[in-house]
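Engineer: So here's input12.pdb (PDB, C-alpha atoms).
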```pdb
ATOM      1  CA  MET Y   1      -6.659 -11.430  11.670
ATOM      2  CA  SER Y   2      -4.725 -10.864  14.870
ATOM      3  CA  TYR Y   3      -3.195  -7.596  13.610
ATOM      4  CA  THR Y   4      -4.589  -4.451  12.017
ATOM      5  CA  LEU Y   5      -3.732  -2.709   8.752
ATOM      6  CA  GLY Y   6      -3.237   0.972   8.020
ATOM      7  CA  ILE Y   7      -2.061   3.083   5.080
ATOM      8  CA  LEU Y   8       0.753   5.606   4.699
ATOM      9  CA  ASP Y   9       0.137   7.923   1.747
ATOM     10  CA  GLN Y  10       2.895  10.328   0.724
ATOM     11  CA  SER Y  11       0.627  12.000  -1.880
ATOM     12  CA  PRO Y  12       2.830  11.017  -4.844
ATOM     13  CA  ILE Y  13       2.394  13.088  -7.989
ATOM     14  CA  ILE Y  14       1.810  10.463 -10.674
ATOM     15  CA  GLU Y  15       0.626  10.330 -14.282
ATOM     16  CA  ASP Y  16       1.085  14.092 -14.794
ATOM     17  CA  ALA Y  17      -1.472  14.983 -12.119
ATOM     18  CA  THR Y  18      -1.497  18.525 -10.773
ATOM     19  CA  ASN Y  19      -0.804  19.241  -7.105
ATOM     20  CA  GLU Y  20      -4.505  19.936  -6.620
ATOM     21  CA  GLN Y  21      -5.512  16.634  -8.221
ATOM     22  CA  THR Y  22      -2.903  14.759  -6.202
ATOM     23  CA  LEU Y  23      -4.147  16.060  -2.866
ATOM     24  CA  HIS Y  24      -7.750  15.303  -3.761
ATOM     25  CA  LYS Y  25      -6.663  11.750  -4.658
ATOM     26  CA  THR Y  26      -5.263  11.466  -1.132
ATOM     27  CA  VAL Y  27      -8.674  12.513   0.200
ATOM     28  CA  ALA Y  28     -10.427   9.936  -1.996
ATOM     29  CA  LEU Y  29      -7.983   7.233  -0.873
ATOM     30  CA  ALA Y  30      -8.620   8.022   2.797
ATOM     31  CA  GLN Y  31     -12.353   7.710   2.226
ATOM     32  CA  LYS Y  32     -11.846   4.412   0.400
ATOM     33  CA  ALA Y  33      -9.569   3.150   3.184
ATOM     34  CA  GLU Y  34     -12.347   3.828   5.670
ATOM     35  CA  GLN Y  35     -14.794   1.776   3.601
ATOM     36  CA  LEU Y  36     -12.296  -1.070   3.250
ATOM     37  CA  GLY Y  37     -11.731  -1.481   6.993
ATOM     38  CA  TYR Y  38      -8.247  -0.018   7.391
ATOM     39  CA  SER Y  39      -7.475   1.025  10.968
ATOM     40  CA  ARG Y  40      -5.725   4.308  10.175
ATOM     41  CA  PHE Y  41      -4.621   6.575   7.364
ATOM     42  CA  TRP Y  42      -1.445   8.626   7.661
ATOM     43  CA  VAL Y  43       0.109  11.374   5.554
ATOM     44  CA  SER Y  44       3.761  12.361   5.430
ATOM     45  CA  GLU Y  45       5.955  15.457   5.510
ATOM     46  CA  HIS Y  46       8.299  16.129   2.584
ATOM     47  CA  HIS Y  47       9.640  19.539   1.617
ATOM     48  CA  HIS Y  48      10.747  21.257  -1.598
ATOM     49  CA  THR Y  49       9.996  18.334  -3.888
ATOM     50  CA  GLU Y  50       8.228  18.085  -7.218
ATOM     51  CA  THR Y  51       7.320  14.417  -6.752
ATOM     52  CA  LEU Y  52       5.283  14.514  -3.526
ATOM     53  CA  ALA Y  53       2.535  16.963  -2.571
ATOM     54  CA  GLY Y  54       2.403  16.220   1.154
ATOM     55  CA  SER Y  55       4.436  18.967   2.845
ATOM     56  CA  SER Y  56       2.134  19.916   5.740
ATOM     57  CA  PRO Y  57       0.628  16.869   7.466
ATOM     58  CA  GLU Y  58      -1.137  18.821  10.211
ATOM     59  CA  VAL Y  59      -3.112  20.788   7.616
ATOM     60  CA  LEU Y  60      -3.886  17.730   5.497
ATOM     61  CA  VAL Y  61      -4.885  15.738   8.609
ATOM     62  CA  ALA Y  62      -7.442  18.416   9.507
ATOM     63  CA  TYR Y  63      -8.997  18.240   6.046
ATOM     64  CA  LEU Y  64      -9.040  14.431   6.017
ATOM     65  CA  LEU Y  65     -10.727  14.307   9.412
ATOM     66  CA  ALA Y  66     -13.472  16.538   8.041
ATOM     67  CA  LYS Y  67     -13.885  14.308   4.978
ATOM     68  CA  THR Y  68     -14.057  10.960   6.829
ATOM     69  CA  LYS Y  69     -16.175   9.632   9.691
ATOM     70  CA  SER Y  70     -14.500   6.887  11.716
ATOM     71  CA  ILE Y  71     -10.994   5.960  10.537
ATOM     72  CA  HIS Y  72      -8.001   7.199  12.550
ATOM     73  CA  ILE Y  73      -6.181   9.987  10.698
ATOM     74  CA  GLY Y  74      -2.656  11.068  11.489
ATOM     75  CA  SER Y  75       0.821  12.209  10.587
ATOM     76  CA  GLY Y  76       3.448   9.814   9.389
ATOM     77  CA  GLY Y  77       5.045  11.954  10.597
ATOM     78  CA  VAL Y  78       5.671  15.468  11.878
ATOM     79  CA  MET Y  79       9.429  16.163  11.688
ATOM     80  CA  LEU Y  80       9.952  17.464  15.199
ATOM     81  CA  GLN Y  81      13.447  18.920  14.769
ATOM     82  CA  HIS Y  82      11.877  21.809  12.844
ATOM     83  CA  TYR Y  83       9.144  22.757  15.285
ATOM     84  CA  SER Y  84       8.299  23.783  18.816
ATOM     85  CA  PRO Y  85       6.877  20.751  20.677
ATOM     86  CA  TYR Y  86       4.463  23.181  22.295
ATOM     87  CA  LYS Y  87       3.018  24.301  18.959
ATOM     88  CA  VAL Y  88       2.790  20.716  17.706
ATOM     89  CA  ALA Y  89       0.855  19.780  20.859
ATOM     90  CA  GLU Y  90      -1.488  22.746  20.370
ATOM     91  CA  ASN Y  91      -2.137  21.799  16.734
ATOM     92  CA  PHE Y  92      -3.024  18.217  17.543
ATOM     93  CA  HIS Y  93      -4.997  19.130  20.651
ATOM     94  CA  VAL Y  94      -7.234  21.284  18.455
ATOM     95  CA  LEU Y  95      -7.658  18.365  16.048
ATOM     96  CA  ALA Y  96      -8.369  15.925  18.893
ATOM     97  CA  ALA Y  97     -10.962  18.289  20.362
ATOM     98  CA  LEU Y  98     -12.709  18.481  16.991
ATOM     99  CA  GLU Y  99     -12.578  14.719  16.291
ATOM    100  CA  PRO Y 100     -12.216  12.873  19.636
ATOM    101  CA  GLY Y 101     -10.552   9.466  19.472
ATOM    102  CA  ARG Y 102      -9.508   9.663  15.826
ATOM    103  CA  VAL Y 103      -6.269  11.676  15.855
ATOM    104  CA  ASP Y 104      -2.794  10.101  15.596
ATOM    105  CA  LEU Y 105       0.380  12.122  16.136
ATOM    106  CA  GLY Y 106       3.266  10.307  14.485
ATOM    107  CA  ILE Y 107       6.661  11.921  15.049
ATOM    108  CA  GLY Y 108       9.700  11.518  12.812
ATOM    109  CA  LYS Y 109      13.370  12.334  13.353
ATOM    110  CA  ALA Y 110      14.427  12.895   9.729
ATOM    111  CA  PRO Y 111      14.507  16.382   8.189
ATOM    112  CA  GLY Y 112      12.013  15.506   5.451
ATOM    113  CA  GLY Y 113      13.949  17.438   2.836
ATOM    114  CA  LEU Y 114      17.297  18.815   1.747
ATOM    115  CA  PRO Y 115      19.468  21.098   3.913
ATOM    116  CA  LEU Y 116      18.144  24.169   2.088
ATOM    117  CA  SER Y 117      14.556  23.401   3.088
ATOM    118  CA  THR Y 118      15.727  22.694   6.644
ATOM    119  CA  LYS Y 119      17.291  26.163   6.774
ATOM    120  CA  ALA Y 120      14.051  27.657   5.464
ATOM    121  CA  LEU Y 121      11.922  25.765   8.010
ATOM    122  CA  GLN Y 122      14.207  26.731  10.870
ATOM    123  CA  TYR Y 123      14.868  30.280   9.662
ATOM    124  CA  GLY Y 124      17.050  31.943  12.287
ATOM    125  CA  THR Y 125      17.105  28.908  14.598
ATOM    126  CA  LEU Y 126      18.971  26.107  12.825
ATOM    127  CA  ASN Y 127      18.673  22.753  14.621
ATOM    128  CA  GLN Y 128      20.350  19.512  13.520
ATOM    129  CA  GLY Y 129      18.087  17.340  15.641
ATOM    130  CA  ASP Y 130      20.628  16.641  18.394
ATOM    131  CA  ASP Y 131      18.009  17.449  21.051
ATOM    132  CA  PHE Y 132      15.356  15.172  19.547
ATOM    133  CA  GLU Y 133      14.894  13.068  22.682
ATOM    134  CA  ASP Y 134      14.339  16.192  24.809
ATOM    135  CA  ARG Y 135      11.831  17.547  22.290
ATOM    136  CA  LEU Y 136       9.902  14.284  22.097
ATOM    137  CA  THR Y 137       9.874  13.941  25.893
ATOM    138  CA  PHE Y 138       8.548  17.490  26.289
ATOM    139  CA  LEU Y 139       5.888  16.854  23.630
ATOM    140  CA  GLN Y 140       4.741  13.744  25.489
ATOM    141  CA  GLN Y 141       4.629  15.687  28.767
ATOM    142  CA  LEU Y 142       2.504  18.399  27.150
ATOM    143  CA  ILE Y 143       0.028  15.844  25.796
ATOM    144  CA  GLU Y 144      -0.124  13.909  29.062
ATOM    145  CA  GLN Y 145      -0.038  17.068  31.240
ATOM    146  CA  SER Y 146       2.876  15.631  33.167
ATOM    147  CA  ILE Y 147       5.551  18.340  33.029
ATOM    148  CA  PRO Y 148       7.735  17.889  36.144
ATOM    149  CA  LYS Y 149       8.040  20.712  38.657
ATOM    150  CA  GLU Y 150      11.765  21.095  37.982
ATOM    151  CA  HIS Y 151      11.136  21.831  34.286
ATOM    152  CA  GLU Y 152      11.688  25.452  33.279
ATOM    153  CA  LEU Y 153       8.229  25.493  31.654
ATOM    154  CA  TYR Y 154       6.375  23.828  34.529
ATOM    155  CA  GLY Y 155       2.776  25.011  34.587
ATOM    156  CA  ILE Y 156       2.381  25.530  30.840
ATOM    157  CA  GLN Y 157      -0.568  23.867  29.104
ATOM    158  CA  ALA Y 158      -1.114  23.221  25.409
ATOM    159  CA  THR Y 159      -4.726  24.339  25.217
ATOM    160  CA  PRO Y 160      -7.363  23.369  24.363
ATOM    161  CA  ILE Y 161      -7.027  20.186  26.423
ATOM    162  CA  PRO Y 162      -9.056  17.524  24.566
ATOM    163  CA  LYS Y 163     -11.112  14.918  26.410
ATOM    164  CA  ILE Y 164      -9.366  12.194  24.396
ATOM    165  CA  LYS Y 165      -5.667  12.791  23.811
ATOM    166  CA  PRO Y 166      -4.102  12.297  20.369
ATOM    167  CA  THR Y 167      -2.268   8.974  20.208
ATOM    168  CA  LEU Y 168       1.494   9.507  20.101
ATOM    169  CA  PHE Y 169       3.724   7.352  17.870
ATOM    170  CA  LEU Y 170       7.455   7.463  17.231
ATOM    171  CA  LEU Y 171       8.539   6.547  13.716
ATOM    172  CA  GLY Y 172      12.038   5.177  13.237
ATOM    173  CA  ALA Y 173      14.249   2.643  11.503
ATOM    174  CA  SER Y 174      16.766   1.711  14.187
ATOM    175  CA  PRO Y 175      17.024  -0.107  17.531
ATOM    176  CA  GLU Y 176      17.909   3.248  19.133
ATOM    177  CA  SER Y 177      14.546   4.720  18.105
ATOM    178  CA  ALA Y 178      12.775   1.592  19.327
ATOM    179  CA  ALA Y 179      14.528   1.916  22.699
ATOM    180  CA  LEU Y 180      13.480   5.564  23.004
ATOM    181  CA  ALA Y 181       9.843   4.756  22.243
ATOM    182  CA  GLY Y 182       9.951   1.855  24.679
ATOM    183  CA  LYS Y 183      11.446   3.946  27.471
ATOM    184  CA  LEU Y 184       8.850   6.668  26.972
ATOM    185  CA  GLY Y 185       6.047   4.118  26.835
ATOM    186  CA  ILE Y 186       4.706   5.236  23.451
ATOM    187  CA  ALA Y 187       3.812   3.301  20.313
ATOM    188  CA  PHE Y 188       6.612   2.583  17.837
ATOM    189  CA  VAL Y 189       6.506   2.170  14.057
ATOM    190  CA  PHE Y 190       9.544   0.590  12.397
ATOM    191  CA  ALA Y 191       9.982   2.036   8.897
ATOM    192  CA  ARG Y 192      10.894  -1.134   7.037
ATOM    193  CA  PHE Y 193      10.339   0.563   3.679
ATOM    194  CA  ILE Y 194      13.401   2.670   4.588
ATOM    195  CA  ASN Y 195      15.485   0.038   6.390
ATOM    196  CA  SER Y 196      14.654  -3.478   5.179
ATOM    197  CA  ASP Y 197      17.391  -5.222   7.195
ATOM    198  CA  ASN Y 198      15.443  -7.885   9.071
ATOM    199  CA  ASP Y 199      18.250  -8.291  11.601
ATOM    200  CA  VAL Y 200      17.827  -4.629  12.548
ATOM    201  CA  LEU Y 201      14.055  -5.107  12.649
ATOM    202  CA  ALA Y 202      14.424  -8.093  14.970
ATOM    203  CA  GLN Y 203      16.709  -6.119  17.269
ATOM    204  CA  ALA Y 204      14.304  -3.159  17.309
ATOM    205  CA  ALA Y 205      11.336  -5.413  18.101
ATOM    206  CA  ARG Y 206      13.209  -7.147  20.916
ATOM    207  CA  ILE Y 207      14.451  -3.915  22.491
ATOM    208  CA  TYR Y 208      11.042  -2.266  22.286
ATOM    209  CA  ARG Y 209       9.390  -5.208  24.043
ATOM    210  CA  GLU Y 210      12.089  -5.234  26.724
ATOM    211  CA  TYR Y 211      11.151  -1.678  27.666
ATOM    212  CA  ASN Y 212       7.436  -1.863  26.914
ATOM    213  CA  ALA Y 213       6.105  -5.418  26.841
ATOM    214  CA  SER Y 214       2.488  -4.391  26.267
ATOM    215  CA  GLY Y 215       3.219  -1.476  23.914
ATOM    216  CA  HIS Y 216       1.999  -1.086  20.353
ATOM    217  CA  PHE Y 217       4.651  -2.245  17.869
ATOM    218  CA  ALA Y 218       3.958  -1.629  14.178
ATOM    219  CA  ILE Y 219       5.853  -1.973  10.911
ATOM    220  CA  SER Y 220       5.458   0.370   7.955
ATOM    221  CA  ILE Y 221       6.166  -1.911   5.045
ATOM    222  CA  ALA Y 222       6.418  -1.442   1.276
ATOM    223  CA  ALA Y 223       3.931  -3.788  -0.371
ATOM    224  CA  ILE Y 224       2.435  -4.222  -3.825
ATOM    225  CA  ALA Y 225      -0.434  -6.600  -4.504
ATOM    226  CA  ALA Y 226      -1.812  -7.701  -7.854
ATOM    227  CA  PRO Y 227      -4.065 -10.552  -8.995
ATOM    228  CA  THR Y 228      -0.929 -12.614  -9.712
ATOM    229  CA  LYS Y 229       2.575 -12.688  -8.289
ATOM    230  CA  LYS Y 230       4.008 -12.236 -11.771
ATOM    231  CA  GLU Y 231       2.128  -8.989 -12.361
ATOM    232  CA  ALA Y 232       3.062  -7.683  -8.918
ATOM    233  CA  LYS Y 233       6.740  -8.321  -9.627
ATOM    234  CA  GLU Y 234       6.474  -6.512 -12.961
ATOM    235  CA  LEU Y 235       4.986  -3.492 -11.173
ATOM    236  CA  ILE Y 236       8.053  -3.267  -8.932
ATOM    237  CA  GLY Y 237      10.409  -3.104 -11.884
ATOM    238  CA  ASP Y 238      13.940  -2.189 -10.849
ATOM    239  CA  GLN Y 239      13.083   0.141  -7.968
ATOM    240  CA  LYS Y 240      16.012   1.190  -5.793
ATOM    241  CA  ILE Y 241      16.497   2.845  -2.425
ATOM    242  CA  THR Y 242      18.982   5.724  -2.521
ATOM    243  CA  LYS Y 243      20.915   6.707   0.600
ATOM    244  CA  VAL Y 244      23.424   9.449   1.299
ATOM    245  CA  HIS Y 245      25.990   8.637   3.983
ATOM    246  CA  LEU Y 246      27.443  11.763   5.604
ATOM    247  CA  ALA Y 247      30.859  11.995   7.251
ATOM    248  CA  SER Y 248      29.147  12.938  10.547
ATOM    249  CA  GLY Y 249      27.626   9.466  10.660
ATOM    250  CA  ARG Y 250      24.124  10.373   9.554
ATOM    251  CA  THR Y 251      22.436   8.361   6.811
ATOM    252  CA  LEU Y 252      19.394   9.677   4.979
ATOM    253  CA  THR Y 253      17.110   8.105   2.399
ATOM    254  CA  LEU Y 254      16.339  10.161  -0.714
ATOM    255  CA  GLN Y 255      14.138   9.556  -3.741
ATOM    256  CA  SER Y 256      16.892   9.616  -6.372
ATOM    257  CA  ILE Y 257      20.646   9.757  -6.907
ATOM    258  CA  GLU Y 258      20.267  13.392  -7.994
ATOM    259  CA  LEU Y 259      18.561  14.372  -4.737
ATOM    260  CA  ALA Y 260      21.060  12.394  -2.686
ATOM    261  CA  GLU Y 261      23.946  14.178  -4.423
ATOM    262  CA  LYS Y 262      22.242  17.514  -3.857
ATOM    263  CA  PHE Y 263      21.732  16.716  -0.180
ATOM    264  CA  GLY Y 264      25.394  15.815   0.196
ATOM    265  CA  GLN Y 265      26.502  19.017  -1.515
ATOM    266  CA  GLU Y 266      24.195  21.219   0.565
ATOM    267  CA  SER Y 267      25.229  19.490   3.806
ATOM    268  CA  GLY Y 268      28.764  20.883   3.632
ATOM    269  CA  GLU Y 269      30.141  17.467   4.680
ATOM    270  CA  ALA Y 270      32.029  14.747   2.898
ATOM    271  CA  TYR Y 271      29.530  12.150   1.706
ATOM    272  CA  THR Y 272      28.941   9.036  -0.351
ATOM    273  CA  VAL Y 273      25.806   8.049  -2.247
ATOM    274  CA  LYS Y 274      24.764   4.425  -2.597
ATOM    275  CA  GLN Y 275      21.812   2.624  -4.095
ATOM    276  CA  TYR Y 276      20.277  -0.569  -2.742
ATOM    277  CA  GLU Y 277      17.661  -2.962  -4.051
ATOM    278  CA  ALA Y 278      14.221  -1.952  -2.794
ATOM    279  CA  ASP Y 279      12.881  -4.750  -0.599
ATOM    280  CA  ILE Y 280       9.209  -4.604  -1.519
ATOM    281  CA  VAL Y 281       6.780  -7.316  -0.454
ATOM    282  CA  TYR Y 282       4.845  -8.348  -3.547
ATOM    283  CA  GLY Y 283       2.415 -10.975  -4.787
ATOM    284  CA  SER Y 284      -1.237 -11.881  -4.681
ATOM    285  CA  PRO Y 285      -3.216 -10.989  -1.532
ATOM    286  CA  LYS Y 286      -2.744 -14.589  -0.358
ATOM    287  CA  ASP Y 287       1.036 -14.355  -0.882
ATOM    288  CA  ILE Y 288       1.344 -11.093   1.015
ATOM    289  CA  LYS Y 289      -0.954 -12.166   3.836
ATOM    290  CA  ALA Y 290       1.280 -15.197   4.411
ATOM    291  CA  ILE Y 291       4.297 -12.875   4.691
ATOM    292  CA  LEU Y 292       2.505 -10.515   7.079
ATOM    293  CA  ASP Y 293       1.343 -13.454   9.183
ATOM    294  CA  ASP Y 294       4.946 -14.614   9.457
ATOM    295  CA  PHE Y 295       6.172 -11.134  10.443
ATOM    296  CA  HIS Y 296       3.379 -10.906  13.002
ATOM    297  CA  VAL Y 297       4.488 -14.096  14.718
ATOM    298  CA  GLN Y 298       8.231 -13.556  14.376
ATOM    299  CA  TYR Y 299       8.351  -9.929  15.553
ATOM    300  CA  GLN Y 300       5.132  -9.641  17.611
ATOM    301  CA  VAL Y 301       3.710  -7.035  15.254
ATOM    302  CA  ASP Y 302       0.420  -5.417  16.265
ATOM    303  CA  GLU Y 303      -0.129  -3.507  13.047
ATOM    304  CA  PHE Y 304       1.175  -3.106   9.506
ATOM    305  CA  ILE Y 305       1.045   0.301   7.845
ATOM    306  CA  LEU Y 306       1.220  -0.197   4.095
ATOM    307  CA  HIS Y 307       3.303   2.011   1.825
ATOM    308  CA  THR Y 308       2.728   1.276  -1.855
ATOM    309  CA  PRO Y 309       5.403   2.785  -4.156
ATOM    310  CA  VAL Y 310       3.627   2.238  -7.474
ATOM    311  CA  LEU Y 311       3.555   5.189  -9.849
ATOM    312  CA  LYS Y 312       0.434   3.961 -11.632
ATOM    313  CA  GLU Y 313      -2.860   5.217 -10.313
ATOM    314  CA  PHE Y 314      -5.106   2.240 -11.082
ATOM    315  CA  GLU Y 315      -2.598  -0.389  -9.954
ATOM    316  CA  ARG Y 316      -1.814   1.499  -6.737
ATOM    317  CA  LYS Y 317      -5.470   1.839  -5.800
ATOM    318  CA  ARG Y 318      -6.110  -1.801  -6.701
ATOM    319  CA  SER Y 319      -3.262  -2.924  -4.442
ATOM    320  CA  PHE Y 320      -4.821  -1.189  -1.434
ATOM    321  CA  GLU Y 321      -8.161  -2.801  -2.295
ATOM    322  CA  LEU Y 322      -6.649  -6.278  -2.608
ATOM    323  CA  LEU Y 323      -4.810  -5.956   0.716
ATOM    324  CA  SER Y 324      -7.691  -4.385   2.601
ATOM    325  CA  PRO Y 325      -8.888  -5.979   5.849
ATOM    326  CA  VAL Y 326     -12.289  -6.528   4.240
ATOM    327  CA  ASN Y 327     -10.771  -8.504   1.348
ATOM    328  CA  LEU Y 328      -8.223 -10.450   3.409
ATOM    329  CA  GLN Y 329     -10.834 -11.458   5.986
ATOM    330  CA  LEU Y 330     -13.133 -12.598   3.194
ATOM    331  CA  GLN Y 331     -10.363 -14.735   1.733
ATOM    332  CA  GLN Y 332      -9.627 -16.179   5.172
ATOM    333  CA  LYS Y 333     -13.274 -17.225   5.602
ATOM    334  CA  VAL Y 334     -13.295 -18.843   2.162
ATOM    335  CA  ALA Y 335     -10.085 -20.747   2.964
ATOM    336  CA  VAL Y 336     -11.515 -22.029   6.262
ATOM    337  CA  SER Y 337     -14.803 -23.126   4.663
TER     338      SER Y 337
END
```
Any chance you could give the structure as structure tokens?
Structural biologist:
Amino acid sequence: MSYTLGILDQSPIIEDATNEQTLHKTVALAQKAEQLGYSRFWVSEHHHTETLAGSSPEVLVAYLLAKTKSIHIGSGGVMLQHYSPYKVAENFHVLAALEPGRVDLGIGKAPGGLPLSTKALQYGTLNQGDDFEDRLTFLQQLIEQSIPKEHELYGIQATPIPKIKPTLFLLGASPESAALAGKLGIAFVFARFINSDNDVLAQAARIYREYNASGHFAISIAAIAAPTKKEAKELIGDQKITKVHLASGRTLTLQSIELAEKFGQESGEAYTVKQYEADIVYGSPKDIKAILDDFHVQYQVDEFILHTPVLKEFERKRSFELLSPVNLQLQQKVAVS
């Protein structure tokens, strides 16, 4: 294949598993992903939720690095509005020094939770994310040791300085995010499982390439594979995407109508909540590979990072196995022969 495949695991709590069991399942999945030829394995940041166990990606990344040998491990992503770029750089420099060449630092712009958890994370220093570009730029400068002389923190270093820097990614779902990543010369991941508008995707891909023709452009895509297309469709059911639209112009994706309503109420703004059909790629491995091949050509995609929103343990694991590089390459060889 002319593109690579990775996995985004949000550590979903399924089939009445405990938090401890859920996190150990994430570890087991990372180890399996390594065996199956996936390029990278990322974990996410979600706060104050009873449905996902992944609240601290930097801690989970450290554990996963220790439990795997070769696969890239990273954050998908660290929500930078809550944290000092300097501390984030220190955290990932330590990880990169321990496991050279395997550490990915994916950065997200969303809050990763409701306004109450944002207040708790930013206790005493509330930040709405308006300075995100400045924070991301400073983080990049810390990692690349390129802080300009006119910067108020010129001379600072995020030690220890690793021999191989962590790879920096920006995660986003808009052309504006793609433009920022392109201008900064860093890799970009379009979150299609959040924004499945292919017109927006096309615009983001075009803008990113205009700024950074040789940059790494990836798509994080919701996908479910099964032995047959019929079974895959049944696994999707009637899944929806829930969004809260705030009067300030911000739009956020939540896991349910209840959470979206709660977010709107806690925001202190006028808001509306809407549900949309979840655009999930589904089918047999052959069906999905054909779709990925088309996306690769149409949008010049270097990598797909698979998000699999199935709340059934066996079927979820099987989907990752069916879509693994090892399996898809085997099928490709059989088709050629």
Engineer: So what does the PyMOL selection byres ((chain Y and resi 283) around 9) actually pick up in this one, as a JSON list (two decimals) with C-alpha atoms, keeping the file's coordinate frame?
Structural biologist:
```json
[["chain", "number", "residue", "atom", "x", "y", "z"],
["Y", 223, "ALA", "CA", 3.93, -3.79, -0.37],
["Y", 224, "ILE", "CA", 2.44, -4.22, -3.82],
["Y", 225, "ALA", "CA", -0.43, -6.60, -4.50],
["Y", 226, "ALA", "CA", -1.81, -7.70, -7.85],
["Y", 227, "PRO", "CA", -4.07, -10.55, -8.99],
["Y", 228, "THR", "CA", -0.93, -12.61, -9.71],
["Y", 229, "LYS", "CA", 2.58, -12.69, -8.29],
["Y", 230, "LYS", "CA", 4.01, -12.24, -11.77],
["Y", 231, "GLU", "CA", 2.13, -8.99, -12.36],
["Y", 232, "ALA", "CA", 3.06, -7.68, -8.92],
["Y", 233, "LYS", "CA", 6.74, -8.32, -9.63],
["Y", 281, "VAL", "CA", 6.78, -7.32, -0.45],
["Y", 282, "TYR", "CA", 4.84, -8.35, -3.55],
["Y", 284, "SER", "CA", -1.24, -11.88, -4.68],
["Y", 285, "PRO", "CA", -3.22, -10.99, -1.53],
["Y", 286, "LYS", "CA", -2.74, -14.59, -0.36],
["Y", 287, "ASP", "CA", 1.04, -14.36, -0.88],
["Y", 288, "ILE", "CA", 1.34, -11.09, 1.01]]
```
Engineer: Starting from the shown file, work through the PyMOL selection byres ((chain Y and resi 41) around 7) and note down what comes out as number ranges by chain.
Structural biologist: Y: 6-8, 30, 40, 42-43, 72-74
Engineer: Hey, can you check how far CA of Pro325 in chain Y sits from CA of Ser39 in chain Y?
Structural biologist: 8.8 Å
Engineer: Could you please determine the separation between CA of Gly237 in chain Y and CA of Thr251 in chain Y in Å, to one decimal place?
Structural biologist: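 One can read the CA of Gly237 in chain Y to CA of Thr251 in chain Y distance as 25.0 Å.
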Engineer: If we count all atoms listed in the file, what is near range 137-139 of chain Y at a cut-off of 12 Å, once residues fewer than 5 positions away on the same chain are taken out, given as a PyMOL selection string?
Structural biologist: chain Y and resi 78+80-81+83-93+105-107+131-132+144-148+151-154+156-158+166-170+180-181+183-186
Engineer: What does the structure give for the distance between CA of Leu121 in chain Y and CA of Glu176 in chain Y, in Å to one decimal?
Structural biologist: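 Atom-to-atom, CA of Leu121 in chain Y and CA of Glu176 in chain Y are spaced 25.8 Å apart.
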